[in-house]
file run_9.txt (compact mmCIF, C-alpha atoms)
# COMPACT_ATOMS: atom_id res chain seq x y z
CA MET A 1 5.51 -7.45 -0.53
CA SER A 2 2.76 -7.30 -3.13
CA ASP A 3 2.72 -9.67 -6.08
CA TYR A 4 2.76 -7.76 -9.36
CA ARG A 5 3.39 -10.71 -11.68
CA HIS A 6 -0.27 -11.03 -12.65
CA LEU A 7 0.01 -7.64 -14.40
CA LEU A 8 2.84 -8.70 -16.69
CA PRO A 9 0.62 -10.21 -19.44
CA VAL A 10 -1.40 -7.03 -19.98
CA ALA A 11 1.75 -4.90 -19.84
CA ILE A 12 3.41 -7.13 -22.44
CA GLU A 13 0.32 -6.92 -24.66
CA ALA A 14 0.37 -3.12 -24.44
CA VAL A 15 4.06 -2.79 -25.24
CA ALA A 16 3.88 -5.30 -28.10
CA ARG A 17 1.06 -3.29 -29.65
CA ALA A 18 3.06 -0.09 -29.40
CA ALA A 19 6.19 -1.72 -30.83
CA GLU A 20 4.24 -3.06 -33.79
CA ALA A 21 2.98 0.45 -34.53
CA MET A 22 6.55 1.75 -34.50
CA GLN A 23 7.66 -0.96 -36.90
CA ARG A 24 4.81 -0.50 -39.35
CA ARG A 25 4.08 3.20 -39.34
CA PRO A 26 6.09 6.38 -40.01
CA PRO A 27 6.56 9.01 -37.31
CA GLY A 28 4.09 11.40 -38.95
CA ALA A 29 4.00 15.13 -38.26
CA LEU A 30 6.38 16.49 -35.63
CA THR A 31 5.31 18.78 -32.80
CA VAL A 32 7.80 21.12 -31.17
CA LYS A 33 7.40 20.79 -27.39
CA GLY A 34 10.10 23.27 -26.44
CA ASP A 35 13.69 24.18 -27.15
CA ARG A 36 15.09 21.30 -29.25
CA ASP A 37 12.41 18.91 -28.00
CA ILE A 38 9.93 17.16 -30.29
CA ALA A 39 7.16 14.57 -30.32
CA SER A 40 5.88 12.72 -33.35
CA ALA A 41 2.27 12.12 -34.26
CA LEU A 42 2.92 8.46 -33.56
CA ASP A 43 4.01 9.25 -29.98
CA TYR A 44 0.58 10.75 -29.33
CA GLU A 45 -1.32 7.98 -31.12
CA ILE A 46 0.47 5.18 -29.28
CA GLU A 47 -0.09 6.86 -25.92
CA ARG A 48 -3.82 7.30 -26.54
CA ASP A 49 -4.14 3.67 -27.63
CA ILE A 50 -2.25 2.22 -24.66
CA ARG A 51 -3.98 4.51 -22.17
CA GLU A 52 -7.36 3.18 -23.33
CA LEU A 53 -6.20 -0.45 -23.41
CA LEU A 54 -4.97 -0.26 -19.81
CA ARG A 55 -7.99 1.74 -18.61
CA VAL A 56 -10.26 -1.10 -19.73
CA ALA A 57 -7.96 -3.94 -18.61
CA THR A 58 -6.93 -2.46 -15.24
CA PRO A 59 -9.55 0.14 -14.21
CA GLY A 60 -8.20 0.43 -10.66
CA ILE A 61 -4.79 1.63 -11.83
CA GLY A 62 -4.08 5.19 -12.95
CA PHE A 63 -2.00 6.25 -15.91
CA LEU A 64 0.75 8.79 -16.54
CA GLY A 65 1.93 9.35 -20.10
CA GLU A 66 4.71 11.62 -21.27
CA GLU A 67 2.53 13.37 -23.84
CA HIS A 68 -0.94 13.62 -22.23
CA GLY A 69 -0.27 13.53 -18.48
CA VAL A 70 -2.23 11.85 -15.69
CA SER A 71 -5.61 10.12 -15.64
CA GLY A 72 -7.34 7.74 -13.22
CA PRO A 73 -6.48 6.72 -9.65
CA GLY A 74 -3.03 7.49 -8.26
CA GLU A 75 -1.92 4.91 -5.66
CA MET A 76 -0.80 2.61 -8.45
CA GLN A 77 0.01 4.12 -11.81
CA TRP A 78 1.08 2.87 -15.21
CA VAL A 79 3.80 5.11 -16.61
CA LEU A 80 4.40 5.16 -20.36
CA ASP A 81 6.95 6.65 -22.68
CA PRO A 82 5.39 5.67 -26.02
CA ILE A 83 8.64 6.21 -27.92
CA ASP A 84 11.70 6.70 -25.75
CA GLY A 85 14.28 8.19 -28.10
CA THR A 86 11.94 10.03 -30.47
CA ALA A 87 14.84 11.99 -31.95
CA ASN A 88 16.49 8.69 -32.87
CA PHE A 89 13.24 7.20 -34.17
CA VAL A 90 12.45 10.02 -36.57
CA ARG A 91 15.97 9.77 -38.04
CA GLY A 92 15.79 6.02 -38.52
CA ILE A 93 18.29 5.30 -35.74
CA PRO A 94 17.28 1.95 -34.19
CA LEU A 95 18.12 2.97 -30.61
CA CYS A 96 14.58 3.67 -29.40
CA ALA A 97 12.15 1.88 -27.11
CA VAL A 98 8.66 1.50 -25.77
CA SER A 99 8.87 1.85 -22.00
CA LEU A 100 5.96 0.88 -19.72
CA GLY A 101 6.44 0.83 -15.95
CA LEU A 102 4.22 0.52 -12.91
CA LEU A 103 4.61 2.78 -9.89
CA HIS A 104 3.19 1.87 -6.48
CA HIS A 105 3.39 4.79 -4.06
CA GLY A 106 6.08 6.26 -6.31
CA GLU A 107 8.29 3.16 -6.42
CA ALA A 108 8.93 1.28 -9.66
CA VAL A 109 7.62 -2.27 -9.17
CA LEU A 110 7.17 -3.59 -12.71
CA GLY A 111 8.62 -2.78 -16.10
CA ILE A 112 8.51 -3.80 -19.74
CA ILE A 113 10.91 -2.32 -22.29
CA GLU A 114 10.75 -3.32 -25.94
CA LEU A 115 13.35 -2.37 -28.54
CA PRO A 116 11.33 -2.75 -31.75
CA PHE A 117 14.22 -2.42 -34.18
CA LEU A 118 16.69 -4.53 -32.21
CA GLY A 119 14.21 -7.32 -31.49
CA ASN A 120 14.54 -7.44 -27.70
CA ARG A 121 12.05 -7.34 -24.84
CA TYR A 122 13.04 -6.81 -21.21
CA ALA A 123 10.64 -7.53 -18.35
CA ALA A 124 10.56 -7.58 -14.56
CA ALA A 125 8.17 -7.60 -11.63
CA GLN A 126 9.33 -6.86 -8.12
CA GLY A 127 10.57 -10.04 -6.44
CA ASP A 128 10.37 -12.09 -9.64
CA GLY A 129 13.71 -11.30 -11.31
CA ALA A 130 14.40 -9.75 -14.70
CA THR A 131 14.44 -11.30 -18.16
CA ALA A 132 15.54 -10.46 -21.69
CA ASP A 133 13.54 -12.29 -24.33
CA GLY A 134 12.29 -14.65 -21.62
CA LYS A 135 15.74 -15.58 -20.26
CA PRO A 136 16.97 -14.47 -16.81
CA ILE A 137 19.53 -11.65 -16.79
CA ARG A 138 21.95 -10.22 -14.25
CA VAL A 139 24.15 -7.15 -14.10
CA SER A 140 27.83 -7.39 -14.89
CA ARG A 141 30.51 -8.31 -12.35
CA THR A 142 32.82 -5.52 -13.45
CA ASN A 143 34.67 -4.22 -10.39
CA ARG A 144 37.08 -1.65 -11.80
CA LEU A 145 36.12 1.68 -13.27
CA SER A 146 38.94 1.34 -15.79
CA GLU A 147 37.09 -1.67 -17.25
CA ALA A 148 33.61 -0.13 -17.15
CA ILE A 149 31.41 0.98 -20.03
CA VAL A 150 29.19 3.78 -18.75
CA ALA A 151 26.18 5.39 -20.43
CA ILE A 152 25.32 8.98 -19.62
CA GLY A 153 21.92 10.53 -20.33
CA ASP A 154 21.30 13.23 -22.89
CA TYR A 155 22.50 16.74 -22.20
CA ALA A 156 19.82 19.17 -21.09
CA VAL A 157 17.81 21.33 -23.47
CA GLY A 158 15.25 24.01 -22.75
CA ALA A 159 15.14 26.34 -19.76
CA ASP A 160 18.40 26.61 -17.79
CA ALA A 161 20.15 24.14 -20.11
CA PRO A 162 23.57 25.85 -19.83
CA ALA A 163 23.49 25.70 -16.04
CA LYS A 164 22.22 22.11 -15.97
CA ASN A 165 24.85 21.03 -18.46
CA GLN A 166 27.71 22.24 -16.29
CA LEU A 167 27.29 19.14 -14.13
CA ARG A 168 26.74 16.85 -17.13
CA LEU A 169 29.87 18.11 -18.88
CA ALA A 170 31.91 17.92 -15.69
CA LEU A 171 30.80 14.34 -15.09
CA THR A 172 31.49 13.39 -18.71
CA ALA A 173 35.03 14.75 -18.33
CA ARG A 174 35.62 12.74 -15.14
CA LEU A 175 34.25 9.59 -16.72
CA ALA A 176 36.44 10.08 -19.79
CA GLU A 177 39.47 10.13 -17.50
CA SER A 178 38.44 7.07 -15.50
CA VAL A 179 36.33 4.49 -17.38
CA GLN A 180 36.97 2.30 -20.39
CA ARG A 181 34.32 3.98 -22.58
CA VAL A 182 31.51 6.54 -22.28
CA ARG A 183 28.32 6.08 -24.30
CA MET A 184 25.28 8.30 -25.01
CA THR A 185 22.52 6.28 -26.70
CA GLY A 186 19.71 8.83 -26.50
CA THR A 187 17.29 6.56 -24.62
CA ALA A 188 17.29 6.07 -20.86
CA ALA A 189 15.12 2.95 -21.12
CA LEU A 190 17.66 1.21 -23.32
CA ASP A 191 20.51 2.29 -21.02
CA LEU A 192 18.84 0.74 -17.98
CA ALA A 193 17.90 -2.42 -19.89
CA TRP A 194 21.47 -2.86 -21.07
CA LEU A 195 22.69 -2.24 -17.52
CA ALA A 196 20.38 -5.04 -16.36
CA GLU A 197 21.75 -7.34 -19.06
CA GLY A 198 25.39 -6.58 -18.27
CA LYS A 199 26.12 -4.81 -21.55
CA LEU A 200 26.71 -1.60 -19.60
CA ASP A 201 28.17 -1.23 -16.13
CA ALA A 202 26.42 2.02 -15.23
CA ALA A 203 23.59 4.13 -16.63
CA LEU A 204 23.73 7.68 -15.29
CA THR A 205 20.95 10.16 -16.01
CA LEU A 206 21.20 13.45 -14.16
CA SER A 207 17.44 13.97 -14.13
CA ASN A 208 14.34 11.92 -13.39
CA HIS A 209 11.14 11.82 -15.41
CA PRO A 210 9.03 8.83 -14.36
CA TRP A 211 7.98 7.94 -17.92
CA ASP A 212 11.65 7.66 -18.89
CA MET A 213 12.77 5.73 -15.83
CA ALA A 214 10.08 3.61 -14.16
CA ALA A 215 10.31 0.52 -16.36
CA GLY A 216 14.10 0.54 -16.53
CA VAL A 217 14.51 1.07 -12.80
CA ALA A 218 12.30 -1.96 -12.05
CA ILE A 219 14.19 -4.13 -14.54
CA ALA A 220 17.67 -3.02 -13.47
CA ARG A 221 16.90 -3.55 -9.78
CA GLU A 222 15.55 -7.04 -10.36
CA ALA A 223 18.76 -7.83 -12.27
CA GLY A 224 20.86 -6.80 -9.29
CA ALA A 225 21.72 -3.17 -10.02
CA GLU A 226 21.79 -0.45 -7.40
CA VAL A 227 19.53 2.38 -8.54
CA VAL A 228 19.84 5.47 -6.40
CA ASP A 229 19.63 9.25 -6.31
CA TRP A 230 22.78 11.39 -6.16
CA ASP A 231 22.88 11.16 -2.34
CA ARG A 232 22.57 7.34 -2.48
CA THR A 233 18.99 7.29 -1.24
CA ARG A 234 16.85 4.64 -2.92
CA HIS A 235 15.53 5.87 -6.25
CA SER A 236 11.85 6.78 -6.48
CA ALA A 237 9.65 8.91 -8.69
CA ASN A 238 10.64 11.90 -6.55
CA SER A 239 14.40 11.51 -6.96
CA SER A 240 16.47 14.21 -8.63
CA MET A 241 18.69 11.82 -10.59
CA THR A 242 18.60 8.25 -11.83
CA LEU A 243 21.91 6.50 -11.19
CA GLY A 244 21.97 2.78 -12.01
CA VAL A 245 25.22 0.98 -11.31
CA THR A 246 26.49 -2.57 -10.98
CA PRO A 247 27.08 -3.02 -7.21
CA ALA A 248 30.88 -3.31 -7.20
CA LEU A 249 31.20 0.12 -8.83
CA ILE A 250 28.65 2.13 -6.84
CA ASP A 251 31.12 3.75 -4.44
CA ASP A 252 33.60 4.77 -7.15
CA THR A 253 30.85 6.03 -9.45
CA LEU A 254 29.19 8.20 -6.81
CA GLY A 255 32.65 9.38 -5.80
CA LEU A 256 33.22 10.70 -9.32
CA LEU A 257 29.90 12.52 -9.18
CA ARG A 258 30.72 14.08 -5.81
CA ASP A 259 34.11 15.18 -7.11
CA THR A 260 32.49 17.38 -9.73
CA GLY A 261 31.46 19.72 -6.92
CA ARG A 262 28.17 20.80 -8.52
CA LEU A 263 25.60 18.64 -6.77
CA PRO A 264 22.02 19.89 -6.24
CA ASN A 265 20.63 21.12 -2.96
CA PRO A 266 18.99 18.06 -1.32
CA CYS A 267 16.10 20.26 -0.16
CA ARG A 268 15.30 21.36 -3.74
CA ARG A 269 14.62 18.32 -5.89
CA SER A 270 13.98 19.80 -9.31
CA GLN A 271 12.06 16.91 -10.80
CA ARG A 272 9.56 16.10 -8.07
CA PHE A 273 6.62 13.99 -9.14
CA GLU A 274 3.41 13.67 -7.17
CA PRO A 275 1.46 10.51 -8.06
call {"tool": "encode", "arguments": {"input": "run_9.txt", "output": "structure tokens"}}
result
Amino acid sequence: MSDYRHLLPVAIEAVARAAEAMQRRPPGALTVKGDRDIASALDYEIERDIRELLRVATPGIGFLGEEHGVSGPGEMQWVLDPIDGTANFVRGIPLCAVSLGLLHHGEAVLGIIELPFLGNRYAAAQGDGATADGKPIRVSRTNRLSEAIVAIGDYAVGADAPAKNQLRLALTARLAESVQRVRMTGTAALDLAWLAEGKLDAALTLSNHPWDMAAGVAIAREAGAEVVDWDRTRHSANSSMTLGVTPALIDDTLGLLRDTGRLPNPCRRSQRFEP
């Protein structure tokens, strides 16, 4: 197993710089990226700044950003969502994050998530455990769905949203019948960080964009979570879904998903990512 810990300081520096920009600067002009999807001027500015910082500091590692795409080598790749939860951010809702992960051959091996308006930083490197504000964290020990608090990712927008949302709505209905509470925070990074810290018992996103997931997947795994695709294969950048669950609940949670009866064709992963 490779040692990724030496990359934590530069990743922390990058995320801290982005978080400071979020705290000090307004969103700026909004760009419509598609049906009910937006980016702020600050999203683009932060991504350009962090891309350049990491290009200079780690020239052998490529970069994938949500707003400007891929640059540099591809075997190892920084993956950035400059503002995860832009819709929250532009409305002054504090549930938003900077999410910086590292992929190695498509697997999340390092992650830093900062919540600028909640004052928390989550970090992990493969084999080194996960921390929140420098203190070790572990997933919850919840072992009954009736006692679980479960976050579900945003409903789909854009092309084919009605069809995609059939599964999301069906799963929401099953969760509402089975778990203690269902939550939708609007930021996958925060969901996975809170799963790692034991505040949530599952974080279920029925899609997979690497910039949304890489950092949180690394952190949740190092805190003891199972993070898998819908068919229980190990999650990677090429997975269709991102299902993070505390171990005692994995069977029951995937059972609920199967019971919806609307699972994707395993030969047609809709969100494939080629590093």
call {"tool": "residues_around", "arguments": {"input": "run_9.txt", "residues": "Ala202 of chain A", "least_positions_apart": "2", "cutoff": "9 Å", "atoms": "only C-alpha atoms", "output": "compact mmCIF listing (two decimals) with C-alpha atoms, in the frame of the given file"}}
result
# COMPACT_ATOMS: atom_id res chain seq x y z
CA ALA A 148 33.61 -0.13 -17.15
CA ILE A 149 31.41 0.98 -20.03
CA VAL A 150 29.19 3.78 -18.75
CA ALA A 151 26.18 5.39 -20.43
CA ILE A 152 25.32 8.98 -19.62
CA ASP A 191 20.51 2.29 -21.02
CA LEU A 192 18.84 0.74 -17.98
CA LEU A 195 22.69 -2.24 -17.52
CA LEU A 200 26.71 -1.60 -19.60
CA LEU A 204 23.73 7.68 -15.29
CA ALA A 225 21.72 -3.17 -10.02
CA LEU A 243 21.91 6.50 -11.19
CA GLY A 244 21.97 2.78 -12.01
CA VAL A 245 25.22 0.98 -11.31
CA THR A 246 26.49 -2.57 -10.98
CA LEU A 249 31.20 0.12 -8.83
CA ILE A 250 28.65 2.13 -6.84
CA THR A 253 30.85 6.03 -9.45
call {"tool": "residues_around", "arguments": {"input": "run_9.txt", "residues": "Pro94 of chain A", "least_positions_apart": "4", "cutoff": "9 Å", "atoms": "only C-alpha atoms", "output": "short mmCIF file (atom, residue, chain, number, x, y, z; two decimals) with C-alpha atoms, in the coordinates of the input"}}
result
data_model
loop_
_atom_site.label_atom_id
_atom_site.label_comp_id
_atom_site.auth_asym_id
_atom_site.auth_seq_id
_atom_site.Cartn_x
_atom_site.Cartn_y
_atom_site.Cartn_z
CA ASN A 88 16.49 8.69 -32.87
CA PHE A 89 13.24 7.20 -34.17
CA LEU A 115 13.35 -2.37 -28.54
CA PRO A 116 11.33 -2.75 -31.75
CA PHE A 117 14.22 -2.42 -34.18
CA LEU A 118 16.69 -4.53 -32.21
#
call {"tool": "atom_distance", "arguments": {"input": "run_9.txt", "atom1": "atom CA of Arg36 of chain A", "atom2": "atom CA of Ala156 of chain A"}}
result
9.7 Å
call {"tool": "closest_residue", "arguments": {"input": "run_9.txt", "among": "A:Thr58, A:Thr31, A:Ser99, A:Ser2", "to": "Ala215 of chain A", "atoms": "all atoms listed in the file"}}
result
A:Ser99
call {"tool": "residues_near_point", "arguments": {"input": "run_9.txt", "point": "(32.3, 19.2, -9.3)", "cutoff": "12 Å", "atoms": "all atoms listed in the file", "output": "PyMOL selection string"}}
result
chain A and resi 165-174+254-264
call {"tool": "closest_residue", "arguments": {"input": "run_9.txt", "among": "A:Ile219, A:Leu42, A:Ala237, A:Glu226", "to": "Thr86 of chain A", "atoms": "only C-alpha atoms"}}
result
A:Leu42
call {"tool": "closest_residue", "arguments": {"input": "run_9.txt", "among": "A:Ala21, A:Leu102, A:Val32, A:Ala220", "to": "Lys199 of chain A", "atoms": "only C-alpha atoms"}}
result
A:Ala220
call {"tool": "residues_near_point", "arguments": {"input": "run_9.txt", "point": "(17.1, -5.1, -20.3)", "cutoff": "8 Å", "atoms": "all atoms listed in the file", "output": "list in words"}}
result
Ile113, Arg121, Tyr122, Ala123, Ala130, Thr131, Ala132, Ile137, Leu190, Leu192, Ala193, Trp194, Leu195, Ala196, Glu197, Gly216, Ile219 and Ala220 of chain A
call {"tool": "write_last_selection", "arguments": {"input": "run_9.txt", "atoms": "C-alpha atoms", "output": "compact mmCIF listing (two decimals), in the coordinates of the input"}}
result
# COMPACT_ATOMS: atom_id res chain seq x y z
CA ILE A 113 10.91 -2.32 -22.29
CA ARG A 121 12.05 -7.34 -24.84
CA TYR A 122 13.04 -6.81 -21.21
CA ALA A 123 10.64 -7.53 -18.35
CA ALA A 130 14.40 -9.75 -14.70
CA THR A 131 14.44 -11.30 -18.16
CA ALA A 132 15.54 -10.46 -21.69
CA ILE A 137 19.53 -11.65 -16.79
CA LEU A 190 17.66 1.21 -23.32
CA LEU A 192 18.84 0.74 -17.98
CA ALA A 193 17.90 -2.42 -19.89
CA TRP A 194 21.47 -2.86 -21.07
CA LEU A 195 22.69 -2.24 -17.52
CA ALA A 196 20.38 -5.04 -16.36
CA GLU A 197 21.75 -7.34 -19.06
CA GLY A 216 14.10 0.54 -16.53
CA ILE A 219 14.19 -4.13 -14.54
CA ALA A 220 17.67 -3.02 -13.47
call {"tool": "closest_atom_pairs", "arguments": {"input": "run_9.txt", "of": "segment 16-57 of chain A", "to": "segment 63-77 of chain A", "cutoff": "10 Å", "atoms": "all atoms listed in the file", "output": "CSV"}}
result
residue,atom,partner,partner_atom,distance
A:Lys33,CA,A:Glu67,CA,9.6
A:Ala39,CA,A:Glu67,CA,8.1
A:Asp43,CA,A:Glu67,CA,7.5
A:Tyr44,CA,A:Glu67,CA,6.4
A:Glu45,CA,A:Glu67,CA,9.8
A:Glu47,CA,A:Gly65,CA,6.6
A:Arg48,CA,A:His68,CA,8.2
A:Ile50,CA,A:Gly65,CA,9.4
A:Arg51,CA,A:Phe63,CA,6.8
A:Glu52,CA,A:Phe63,CA,9.7
A:Leu54,CA,A:Phe63,CA,8.1
A:Arg55,CA,A:Phe63,CA,8.0
call {"tool": "write_last_selection", "arguments": {"input": "run_9.txt", "atoms": "C-alpha atoms", "output": "short mmCIF file (atom, residue, chain, number, x, y, z; two decimals), in the frame of the given file"}}
result
data_model
loop_
_atom_site.label_atom_id
_atom_site.label_comp_id
_atom_site.auth_asym_id
_atom_site.auth_seq_id
_atom_site.Cartn_x
_atom_site.Cartn_y
_atom_site.Cartn_z
CA LYS A 33 7.40 20.79 -27.39
CA ALA A 39 7.16 14.57 -30.32
CA ASP A 43 4.01 9.25 -29.98
CA TYR A 44 0.58 10.75 -29.33
CA GLU A 45 -1.32 7.98 -31.12
CA GLU A 47 -0.09 6.86 -25.92
CA ARG A 48 -3.82 7.30 -26.54
CA ILE A 50 -2.25 2.22 -24.66
CA ARG A 51 -3.98 4.51 -22.17
CA GLU A 52 -7.36 3.18 -23.33
CA LEU A 54 -4.97 -0.26 -19.81
CA ARG A 55 -7.99 1.74 -18.61
#
call {"tool": "residues_around", "arguments": {"input": "run_9.txt", "residues": "Arg91 of chain A", "least_positions_apart": "3", "cutoff": "12 Å", "atoms": "all atoms listed in the file", "output": "PyMOL selection string"}}
result
chain A and resi 26-27+30+40+85-88+94-96
